[in-house]
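Heads up, input-v6.txt below (compact mmCIF, C-alpha atoms):
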```txt
# COMPACT_ATOMS: atom_id res chain seq x y z
CA MET A 62 -12.32 4.28 -32.20
CA LEU A 63 -10.89 5.32 -35.53
CA ILE A 64 -9.20 2.43 -37.29
CA LEU A 65 -6.58 3.10 -39.97
CA SER A 66 -4.30 0.79 -41.94
CA ARG A 67 -0.70 1.90 -42.41
CA LYS A 68 2.36 0.40 -44.07
CA ILE A 69 5.98 0.64 -42.93
CA GLU A 70 7.31 4.22 -43.17
CA GLU A 71 3.78 5.60 -43.32
CA ALA A 72 2.58 7.90 -40.58
CA ILE A 73 -0.47 9.50 -39.06
CA ILE A 74 -0.69 13.04 -37.74
CA ILE A 75 -2.80 13.88 -34.69
CA GLY A 76 -3.69 17.53 -34.29
CA ASP A 77 -0.97 19.93 -35.40
CA SER A 78 1.90 18.58 -33.41
CA ILE A 79 1.87 14.81 -33.01
CA THR A 80 3.23 12.42 -35.63
CA ILE A 81 3.15 8.66 -35.24
CA LYS A 82 5.15 6.66 -37.74
CA ILE A 83 5.31 2.91 -38.31
CA LEU A 84 9.04 2.12 -38.40
CA GLY A 85 8.94 -1.64 -38.72
CA ILE A 86 7.02 -4.83 -38.14
CA HIS A 87 8.87 -7.90 -36.91
CA ASP A 88 7.74 -11.12 -35.23
CA GLY A 89 4.36 -9.75 -34.24
CA GLN A 90 5.90 -6.55 -32.85
CA VAL A 91 5.33 -3.12 -34.32
CA LYS A 92 8.01 -0.49 -33.89
CA ILE A 93 6.46 2.96 -33.63
CA GLY A 94 8.13 6.34 -33.77
CA ILE A 95 6.37 9.17 -31.94
CA GLU A 96 7.08 12.83 -32.36
CA ALA A 97 5.24 15.08 -29.95
CA PRO A 98 5.83 18.31 -28.02
CA LYS A 99 7.67 17.88 -24.74
CA GLU A 100 4.57 18.63 -22.68
CA ILE A 101 2.71 15.68 -24.19
CA LYS A 102 3.46 12.64 -22.03
CA VAL A 103 3.78 9.31 -23.76
CA TYR A 104 3.40 6.12 -21.74
CA ARG A 105 3.14 2.42 -22.45
CA SER A 106 -0.47 1.82 -21.48
CA GLU A 107 0.19 -1.20 -19.25
CA LEU A 108 2.73 0.81 -17.21
CA TYR A 109 0.38 3.78 -17.02
CA ASP A 110 -2.44 1.53 -15.79
CA LEU A 111 -0.16 -0.07 -13.21
CA ILE A 112 1.01 3.29 -11.87
CA GLN A 113 -2.54 4.59 -11.79
CA LYS A 114 -3.58 1.52 -9.81
CA GLU A 115 -0.76 2.02 -7.30
CA ASN A 116 -1.66 5.70 -7.00
CA VAL A 117 -5.22 4.70 -6.14
CA GLN A 118 -3.80 2.37 -3.46
CA ALA A 119 -1.64 5.19 -2.08
CA SER A 120 -4.72 7.42 -1.96
CA LYS A 121 -6.58 4.76 0.01
CA SER A 122 -3.87 4.65 2.67
CA LYS A 123 -5.43 5.39 6.00
CA LYS A 124 -3.79 7.37 8.72
CA VAL A 125 -2.71 4.72 11.20
CA SER A 126 -0.35 4.80 14.07
CA ILE A 127 2.88 3.90 12.40
CA SER A 128 5.18 4.30 15.32
CA LYS A 129 5.68 0.60 14.70
CA THR A 130 6.64 1.28 11.09
CA ALA A 131 9.02 3.99 12.15
CA MET A 132 10.63 1.68 14.63
CA VAL A 133 10.98 -1.14 12.13
CA LEU A 134 12.36 1.14 9.40
CA ARG A 135 14.81 2.82 11.73
CA THR A 136 15.99 -0.41 13.28
CA ALA A 137 16.43 -1.95 9.85
CA ASN A 138 18.44 1.03 8.65
CA VAL A 139 20.64 1.18 11.72
CA VAL A 140 21.38 -2.54 11.61
CA GLN A 141 22.11 -2.36 7.89
CA ARG A 142 24.52 0.52 8.31
CA ASN A 143 26.36 -1.27 11.07
CA SER A 144 26.49 -4.66 9.43
CA PRO A 145 29.74 -5.50 7.65
CA LYS A 146 29.55 -5.57 3.83
CA MET B 242 -6.25 29.89 4.41
CA LYS B 243 -8.24 26.92 5.64
CA PHE B 244 -9.28 23.59 4.20
CA THR B 245 -10.91 20.60 5.82
CA ASN B 246 -9.78 17.13 4.84
CA ARG B 247 -11.75 14.06 5.83
CA GLN B 248 -8.71 12.34 7.38
CA PHE B 249 -6.75 15.28 8.72
CA GLY B 250 -9.52 17.64 9.77
CA GLU B 251 -9.25 21.40 9.45
CA MET B 252 -5.87 22.55 8.21
CA GLU B 253 -4.74 26.13 8.40
CA PHE B 254 -1.97 27.06 6.01
CA ASP B 255 -0.22 29.84 4.22
CA GLU B 256 -0.60 30.15 0.46
CA LYS B 257 3.16 29.92 0.06
CA HIS B 258 3.09 26.36 1.40
CA ILE B 259 0.86 25.07 -1.39
CA VAL B 260 2.55 22.57 -3.69
CA GLU B 261 1.14 22.65 -7.18
CA PHE B 262 1.07 19.67 -9.55
CA PRO B 263 0.05 21.36 -12.83
CA GLU B 264 -0.55 17.98 -14.49
CA GLY B 265 -2.01 16.39 -11.38
CA ILE B 266 -1.01 12.98 -10.08
CA ILE B 267 -1.37 10.15 -12.64
CA GLY B 268 -5.02 9.10 -12.55
CA PHE B 269 -5.98 12.19 -10.55
CA GLY B 270 -5.35 14.82 -13.21
CA GLU B 271 -8.11 17.16 -12.09
CA TYR B 272 -6.53 17.93 -8.70
CA MET B 273 -3.49 20.16 -8.69
CA LYS B 274 -3.17 21.85 -5.31
CA TYR B 275 -1.76 19.99 -2.35
CA LEU B 276 -0.31 20.49 1.07
CA ILE B 277 2.43 18.31 2.54
CA VAL B 278 1.22 17.26 5.97
CA ASP B 279 3.20 15.61 8.75
CA ASP B 280 1.09 13.64 11.14
CA GLU B 281 2.99 12.81 14.29
CA ASP B 282 1.44 9.35 14.76
CA SER B 283 2.17 8.11 11.27
CA GLN B 284 5.77 9.25 10.86
CA PRO B 285 7.90 8.54 8.88
CA ILE B 286 4.99 8.41 6.42
CA ARG B 287 4.15 11.89 5.15
CA TRP B 288 0.96 12.97 3.44
CA LEU B 289 0.15 14.81 0.25
CA VAL B 290 -3.26 16.25 1.04
CA SER B 291 -5.51 17.68 -1.67
CA LEU B 292 -6.75 21.24 -1.18
CA GLU B 293 -9.50 20.68 -3.74
CA GLN B 294 -11.06 17.37 -2.76
CA SER B 295 -11.70 16.73 0.91
CA ASP B 296 -11.46 12.95 0.53
CA LEU B 297 -8.13 12.86 -1.24
CA SER B 298 -4.70 12.32 0.27
CA PHE B 299 -1.68 10.21 -0.62
CA ALA B 300 0.72 8.46 1.72
CA MET B 301 4.36 8.99 0.79
CA ILE B 302 7.88 8.55 2.15
CA ASP B 303 11.36 9.97 1.83
CA PRO B 304 13.22 7.59 -0.56
CA ALA B 305 16.33 7.77 1.62
CA LEU B 306 14.52 5.54 4.11
CA ILE B 307 13.96 2.90 1.47
CA ILE B 308 16.99 2.90 -0.81
CA ASP B 309 20.44 4.41 -0.37
CA ASP B 310 21.42 6.98 -3.01
CA TYR B 311 18.02 7.00 -4.75
CA GLN B 312 17.91 10.77 -5.04
CA SER B 313 21.63 11.33 -5.53
CA SER B 314 21.86 8.76 -8.32
CA LEU B 315 18.68 9.71 -10.19
CA PHE B 316 18.32 13.45 -9.55
CA LYS B 317 21.91 14.53 -9.17
CA ASP B 318 22.50 18.27 -8.72
CA LEU B 319 18.80 19.15 -8.95
CA ASP B 320 17.26 21.33 -6.27
CA VAL B 321 14.25 19.07 -5.83
CA THR B 322 12.47 17.15 -3.10
CA ILE B 323 11.60 13.57 -3.95
CA PHE B 324 8.83 11.48 -2.43
CA LEU B 325 7.73 7.92 -3.13
CA LEU B 326 4.03 7.14 -2.92
CA VAL B 327 3.17 4.46 -0.39
CA ALA B 328 0.27 2.02 -0.42
CA LEU B 329 -0.33 1.31 3.26
CA LYS B 330 -1.97 -2.06 3.66
CA ASP B 331 -3.44 -4.14 6.40
CA PRO B 332 -1.36 -5.86 7.67
CA LEU B 333 1.21 -3.07 7.58
CA GLU B 334 3.94 -5.50 6.55
CA ALA B 335 2.21 -5.91 3.15
CA SER B 336 2.64 -2.19 2.38
CA THR B 337 4.48 -1.23 -0.80
CA THR B 338 6.10 1.84 -2.28
CA ASN B 339 6.46 2.92 -5.90
CA LEU B 340 10.10 3.40 -6.99
CA ARG B 341 9.26 3.75 -10.67
CA SER B 342 7.20 6.94 -10.59
CA PRO B 343 8.33 9.28 -7.81
CA LEU B 344 6.92 12.71 -7.05
CA VAL B 345 9.47 15.38 -7.90
CA ILE B 346 8.95 18.82 -6.38
CA ASP B 347 11.02 21.80 -7.48
CA ASN B 348 12.17 23.49 -4.27
CA ALA B 349 12.30 26.95 -5.83
CA THR B 350 8.88 27.04 -7.50
CA ARG B 351 7.07 24.45 -5.31
CA LYS B 352 5.76 22.90 -8.49
CA GLY B 353 5.65 19.13 -8.68
CA ARG B 354 5.23 16.35 -11.16
CA GLN B 355 4.90 12.60 -10.98
CA ILE B 356 7.49 11.33 -13.39
CA VAL B 357 7.91 7.85 -14.83
CA LEU B 358 11.49 6.57 -14.83
CA ASP B 359 12.73 4.44 -17.74
CA ASP B 360 14.55 1.90 -15.55
CA GLU B 361 12.44 -1.24 -15.64
CA CYS B 362 14.26 -2.63 -12.60
CA LEU B 363 12.50 -0.06 -10.41
CA SER B 364 9.40 -1.70 -9.00
CA VAL B 365 6.02 0.02 -8.68
CA ARG B 366 5.35 -2.31 -5.73
CA HIS B 367 8.56 -2.38 -3.75
CA PRO B 368 7.97 -3.80 -0.26
CA LEU B 369 8.10 -1.00 2.28
CA PHE B 370 9.91 -3.35 4.63
CA ALA B 371 12.29 -4.92 2.12
CA ARG B 372 15.25 -4.08 4.30
CA GLN B 373 13.69 -5.76 7.26
CA ALA B 374 13.03 -8.85 5.12
CA GLU B 375 16.67 -8.86 4.04
CA LEU B 376 17.74 -8.82 7.65
CA VAL B 377 15.41 -11.61 8.60
CA GLU B 378 16.46 -13.75 5.66
CA GLY B 379 20.12 -12.84 5.80
```
Please lay out the structure from this file as C-alpha cells.
Amino acid sequence: MLILSRKIEEAIIIGDSITIKILGIHDGQVKIGIEAPKEIKVYRSELYDLIQKENVQASKSKKVSISKTAMVLRTANVVQRNSPK
Amino acid sequence: MKFTNRQFGEMEFDEKHIVEFPEGIIGFGEYMKYLIVDDEDSQPIRWLVSLEQSDLSFAMIDPALIIDDYQSSLFKDLDVTIFLLVALKDPLEASTTNLRSPLVIDNATRKGRQIVLDDECLSVRHPLFARQAELVEG
C-alpha cells in the first residue's frame, strides 16, 4: 500500500483520469472529492463488501421446490390488495 | 448453442437470448454471459445462469412481487427489466432479497448491470416474506 500525507485542498491523481481531493477534515471525518470517468464505479467499501456478500449468498441459492414460496407470496399479495388501507 | 450447468443440466439456447453483463455481477466480475432460466418447480424465483462457469447461478425475483411501484418509481420511462437477487435460505422463511443493488437489463440491447442505488433505506437483506410477516403481525 502506498501511503501519502495530504492537507486540505491537496489532491492525488491516479492514472490519467482520476483525481481525489481532500475537501475537509471535521470531527474525525474526512470529506473527499472524487473525479473519475463515468465508467469507473466508486463505492463505499463497506457497502460494496455487503453487496458482494449478498451476491455470494444469492449464488449459493439451491434450486428447491418453491411452490410453497409461490403460494405464500401470491396469497400475501392477494390479501394485501384486498385489505382496506 | 449448448451449455451444461451443474444445477440446471444441459441448456440449449439461441445466441440472441444471451444477457451480457459487461462489468459482471459485483464480486463475480470475470463472468459476463448469462441466460435467464425459468424452472417450473422454483417459480416465482427465476435464475441467472452463467454460460461461462458451470457452477454459477443466481436466484432472483421480479421486484413487483416484493414491493409495489419499485420499478415505476426508480426506473420510470426506461425500457428495462429489473430483477432483485435472492438469497434462498434453509428454512425458506429466512430468505432475503437485495433491494439496494438490483440487476438492470436493457431490453433493447440485452445488456445488464448491477447498479447500487443511493437510497440508504433500501435494504440489502429485505425479508423475502416481509409481506407475509406484516399480515401475521397486523
Distance in Å - CA of Leu289 (chain B) versus CA of Met301 (chain B):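 For CA of Leu289 (chain B) relative to CA of Met301 (chain B), the distance reads 7.2 Å.
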Distance filter 9 Å, only C-alpha atoms, chain B against chain A, as a PyMOL selection string: chain B and resi 248-249+266-269+280-286+297-301+306-307+326-330+333-334+337-339+341-342+357+365-366+369-370+372-373+376
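Across the model, the gap from CA of Lys92 (chain A) to CA of Ser66 (chain A) is 14.8 Å.
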Among the residues B:Leu315, B:Leu325, B:Ile346, B:Ala371, the one that comes closest to Asp303 (chain B) [using only C-alpha atoms]: B:Leu325
Please, what distance in Å, to one decimal, runs between CA of Arg354 (chain B) and CA of Val321 (chain B)?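 For CA of Arg354 (chain B) relative to CA of Val321 (chain B), the distance reads 10.8 Å.
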